[in-house]
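*Asks:* Attaching a single structure in structure tokens format; questions to follow.
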Amino acid sequence: MSSKIFNLSISDEGKTATVSGWVEKVRDHGGVIFIDLRKDLDLVQVVIEPSEKEIFTVAENIKNEFVIEVSGLVRKRPDGKENTKMNTGEIEVCANKLHVFSKSKPLPFQLDEYSNAGEEIRLKYRYLDLRRPEMHENLIMRSEINNFVRNFLVKKGFVDIDTPMMTKATPEGARDFLIPSRVNQGKFYALPQSPQLFKQLLMVSGFSKYFQIARCFRDEDTRKDRQPEFTQIDIEMSFTSCEEIMNISEDLIVKLFKKILKVDLVKFPKITHKESMEKYGTDKPDLRNPIILHDVKDLFIDSNFKVFKDPANDEKSKLVALKLKIDISRSQIDEYTKFVGNFGAKGLAYIKVNDISDIEKGLQSPIVKFLSKTELQNLVKKLDLNNGEVVFFGAGNKKIVLDSMSAFRQKLAEDFDLIDKTSWKPVWITDFPMFDETSEGTLTPSHHPFTKSLSTLDLLEKSPEQAISEAYDLVLNGFELGGGSMRIHDIEEQKKIFSLLGISNEEAKQKFGFFLEALEYGCPPHGGIAFGLDRIVMLMANEDSIRDVIAFPKTQSAMCLMTDAPDKVSNDELEDLSIKSTFEETE
RNA sequence: GGACCGGUAGUUCAGUUCUGGUUAGAACGCCGCCCUGUCACGGCGGAGGUCGCGGGUUCGAGCCCCGUCCGGUCCGCCA
């Protein structure tokens, strides 16, 4: 065993070495002082003996996190005094020279593995938090992942091209971060939500394989896997197909996992968006979760139970059931009723299966009295119910049922420990619908407005809600790792999509004129994909939040606790930009 | 914009509700003294608190009520 950073091992015994770093820990025995010296992830023990009179008095005043340099003899530790937990545990440096580069105040929180500082203080003193081995390892892994992705794509002939960070606002999609222009008074740049149009234009420019590890910005509220600035592995190719893009992507992810985690991922299954919604209620299913949703509309079409009968007979409604074998209390069910209530569900019907042989008395539930014996028998048969199982129902508005039941499915699996946390379950979701319907009844792109459709222009025109796009997402353990599509390369088709989206010719010209014009100068068929790098690192580092794999992240309220950004600016600065704030401070 | 959880010593937490009542505790860290083989060193002693902030109820509030700020999880939002 030898140490990478200090480059010391038992073979250096007898040599003189100079080591520098941070004081991880001082153990002052009065007579002899031990110092664990840290640099990056490495530790080495320094011994200061009282015979070294000058440095001993200095050493007596050394505290944790001082930055020092010592020189001295590398020697084998006494028999039985080796520390097997330490890389350099067989040896120690017996100091005869000691220099203090920098003292340290006591830290606002302890860095050792036995303490557990809160996120607020960790973020305020992020530079200290990053000294901790966990954070150090995460950022090193992030660097390795970055590096691997670059090498992989470059080897495949992709060209890494930067696109602007100061660009044009795009009112579609997420809210833009705006940058006021001083030179062009009254006008604004925007930070890119993604390099989408630029990478498509690079296809027009004849770069047939482009990639970029690109910072993107979206002014929307945060989640544990979302913050206002994030990093995408952005890829685009011309003269390609869905299959080729998915193959390259899969190859990239498989090799990445092999290289970094020594994990072999099996061939990624593909399921359609429709199937995913039916079985899991979401387009980013966690396939580690064994629970699936069952459509039970057919069982209750003629039911006397209105709560089931109405949705069973309504196109825009859903009636689904899920089952699992658990012991569950009344109060837990109440908790879950509240949980699905967050998604708009009005209730959570359930049936406990106590004795399958007695349909009348063996099923325990507030709703069995409303259901006929035949309905119950059919339910038992359809769901293959067994004693000890509980069935939960979601009934009503399609979106509410799917949102609530998919979240509930995941919550149950987590609460009852049904998920193998060590496993990796990637899945491609394909055949997304072209459009989603907004609450106002208008169409909005399910991916983005440049996505090519598998459906004919005719079908797009007549029943756009049925149109399928050439879009695909890669989902891993319930997280959307990336998504992409084939793009429209024909100007007429692009205009058609804009018109279906309710974007007028004038509006399209004003917002995307440069892009539409480019389509008129020889645009190759093309497509691409973008991966969320932060999420990939988060999952690979086994962290719960992307904040733990970002060196200087934002909080939930989009602030940086270390720098206090965002902050006020002076009126002079605003005047330069012709900006006047209407914000009124409350006491 | 909304729901929920949290905010008490430098840090991590207990105390808080049902039940408001003298001087708000613990551990780690910090400071002092002692200690020559520790490695989460050990021993003895000590300092350290605007109970997030503001208001209210009360004879009396860390505890009850209202508001607000900060952190987190989620809904909305995220083409």
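We label chains A, B, ... in the order they appear in the structure tokens, count residues from 1 in each chain, and number ligands from 1 in the order shown.
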Counting only C-alpha atoms (C1' of nucleotides), collect the residues of chain A whose closest atom lies at most 9 Å from chain B, and write them out as a PyMOL selection string.
*Replies:* chain A and resi 25+27-34+36+45+49-50+78+81+83+106-110+112-120+172-175+218-224+226+342-344+444-449+555-556
*Asks:* When you draw a straight line from atom CA of Ser51 of chain A to atom CA of Ile68 of chain A, how long is it in Å?
*Replies:*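 Spanning atom CA of Ser51 of chain A to atom CA of Ile68 of chain A is a straight-line distance of 19.9 Å.
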*Asks:* Pull the helix (DSSP H, G or I) assignments for segment 264-435 of chain A out of DSSP run on the backbone, and list those residues as a PyMOL selection string.
*Replies:* chain A and resi 273-280+297-299+306-312+330-341+368-370+373-383+398-415
*Asks:* I'd like the interatomic distance between atom CA of Glu506 of chain A and atom CA of Leu178 of chain A, to a tenth of an Å.
*Replies:*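 Rounded to one decimal, the two atoms are 23.0 Å apart.
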*Asks:* Quick one: residues within 12 Å of Phe148 of chain A, only C-alpha atoms (C1' of nucleotides) counted, chain neighbours fewer than 5 positions away excluded, as a ChimeraX atom specification?
*Replies:* /A:141-143,153-155,213,233,252-260
*Asks:* Write the residues of the selection above to a file with C-alpha atoms, as a PDB file, in the first residue's frame.
*Replies:*
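What ended up in selection27.pdb:
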```
ATOM      1  CA  MET A 141     -16.047  11.354  -9.418  1.00  0.00           C
ATOM      2  CA  ARG A 142     -17.763  14.178 -11.247  1.00  0.00           C
ATOM      3  CA  SER A 143     -14.467  15.116 -12.835  1.00  0.00           C
ATOM      4  CA  LEU A 153     -17.468  11.210 -27.587  1.00  0.00           C
ATOM      5  CA  VAL A 154     -14.251  12.586 -29.048  1.00  0.00           C
ATOM      6  CA  LYS A 155     -13.163   9.034 -29.907  1.00  0.00           C
ATOM      7  CA  ILE A 213     -20.874  19.731 -21.742  1.00  0.00           C
ATOM      8  CA  ILE A 233     -24.158  16.496 -21.839  1.00  0.00           C
ATOM      9  CA  LEU A 252     -21.889   5.747 -23.333  1.00  0.00           C
ATOM     10  CA  ILE A 253     -23.864   5.038 -20.166  1.00  0.00           C
ATOM     11  CA  VAL A 254     -22.940   1.342 -20.054  1.00  0.00           C
ATOM     12  CA  LYS A 255     -19.229   2.061 -20.456  1.00  0.00           C
ATOM     13  CA  LEU A 256     -19.422   4.942 -17.992  1.00  0.00           C
ATOM     14  CA  PHE A 257     -20.909   2.701 -15.324  1.00  0.00           C
ATOM     15  CA  LYS A 258     -18.370   0.000 -16.069  1.00  0.00           C
ATOM     16  CA  LYS A 259     -15.468   2.420 -15.862  1.00  0.00           C
ATOM     17  CA  ILE A 260     -16.505   4.416 -12.814  1.00  0.00           C
TER      18      ILE A 260
END
```
*Asks:* Any idea what's packed within 8 Å of Leu474 of chain A, counting only C-alpha atoms (C1' of nucleotides), ignoring anything in its chain fewer than 5 positions away? Could you give it as a short mmCIF file (atom, residue, chain, number, x, y, z; two decimals) with N, CA, C and O atoms, in the first residue's frame?
*Replies:*
```
data_model
loop_
_atom_site.label_atom_id
_atom_site.label_comp_id
_atom_site.auth_asym_id
_atom_site.auth_seq_id
_atom_site.Cartn_x
_atom_site.Cartn_y
_atom_site.Cartn_z
N PRO A 426 -32.16 0.87 -15.77
CA PRO A 426 -32.37 1.85 -16.82
C PRO A 426 -33.51 1.42 -17.74
O PRO A 426 -33.79 0.23 -17.86
N VAL A 427 -34.15 2.38 -18.36
CA VAL A 427 -35.21 2.06 -19.32
C VAL A 427 -35.38 3.23 -20.30
O VAL A 427 -35.29 4.39 -19.91
N TRP A 428 -35.55 2.88 -21.56
CA TRP A 428 -35.88 3.89 -22.55
C TRP A 428 -37.39 4.05 -22.62
O TRP A 428 -38.11 3.06 -22.67
N ILE A 429 -37.85 5.26 -22.60
CA ILE A 429 -39.27 5.54 -22.83
C ILE A 429 -39.37 6.12 -24.24
O ILE A 429 -38.70 7.12 -24.54
N GLU A 480 -35.17 10.95 -14.63
CA GLU A 480 -34.96 11.19 -16.04
C GLU A 480 -33.51 11.62 -16.23
O GLU A 480 -33.10 12.70 -15.83
N LEU A 481 -32.73 10.73 -16.82
CA LEU A 481 -31.31 11.04 -17.02
C LEU A 481 -31.11 11.90 -18.25
O LEU A 481 -30.16 12.67 -18.32
N GLY A 482 -31.96 11.68 -19.25
CA GLY A 482 -31.77 12.44 -20.47
C GLY A 482 -32.94 12.23 -21.40
O GLY A 482 -33.78 11.36 -21.18
N GLY A 483 -32.98 13.07 -22.40
CA GLY A 483 -34.05 12.94 -23.38
C GLY A 483 -33.64 13.59 -24.67
O GLY A 483 -32.79 14.49 -24.69
#
```
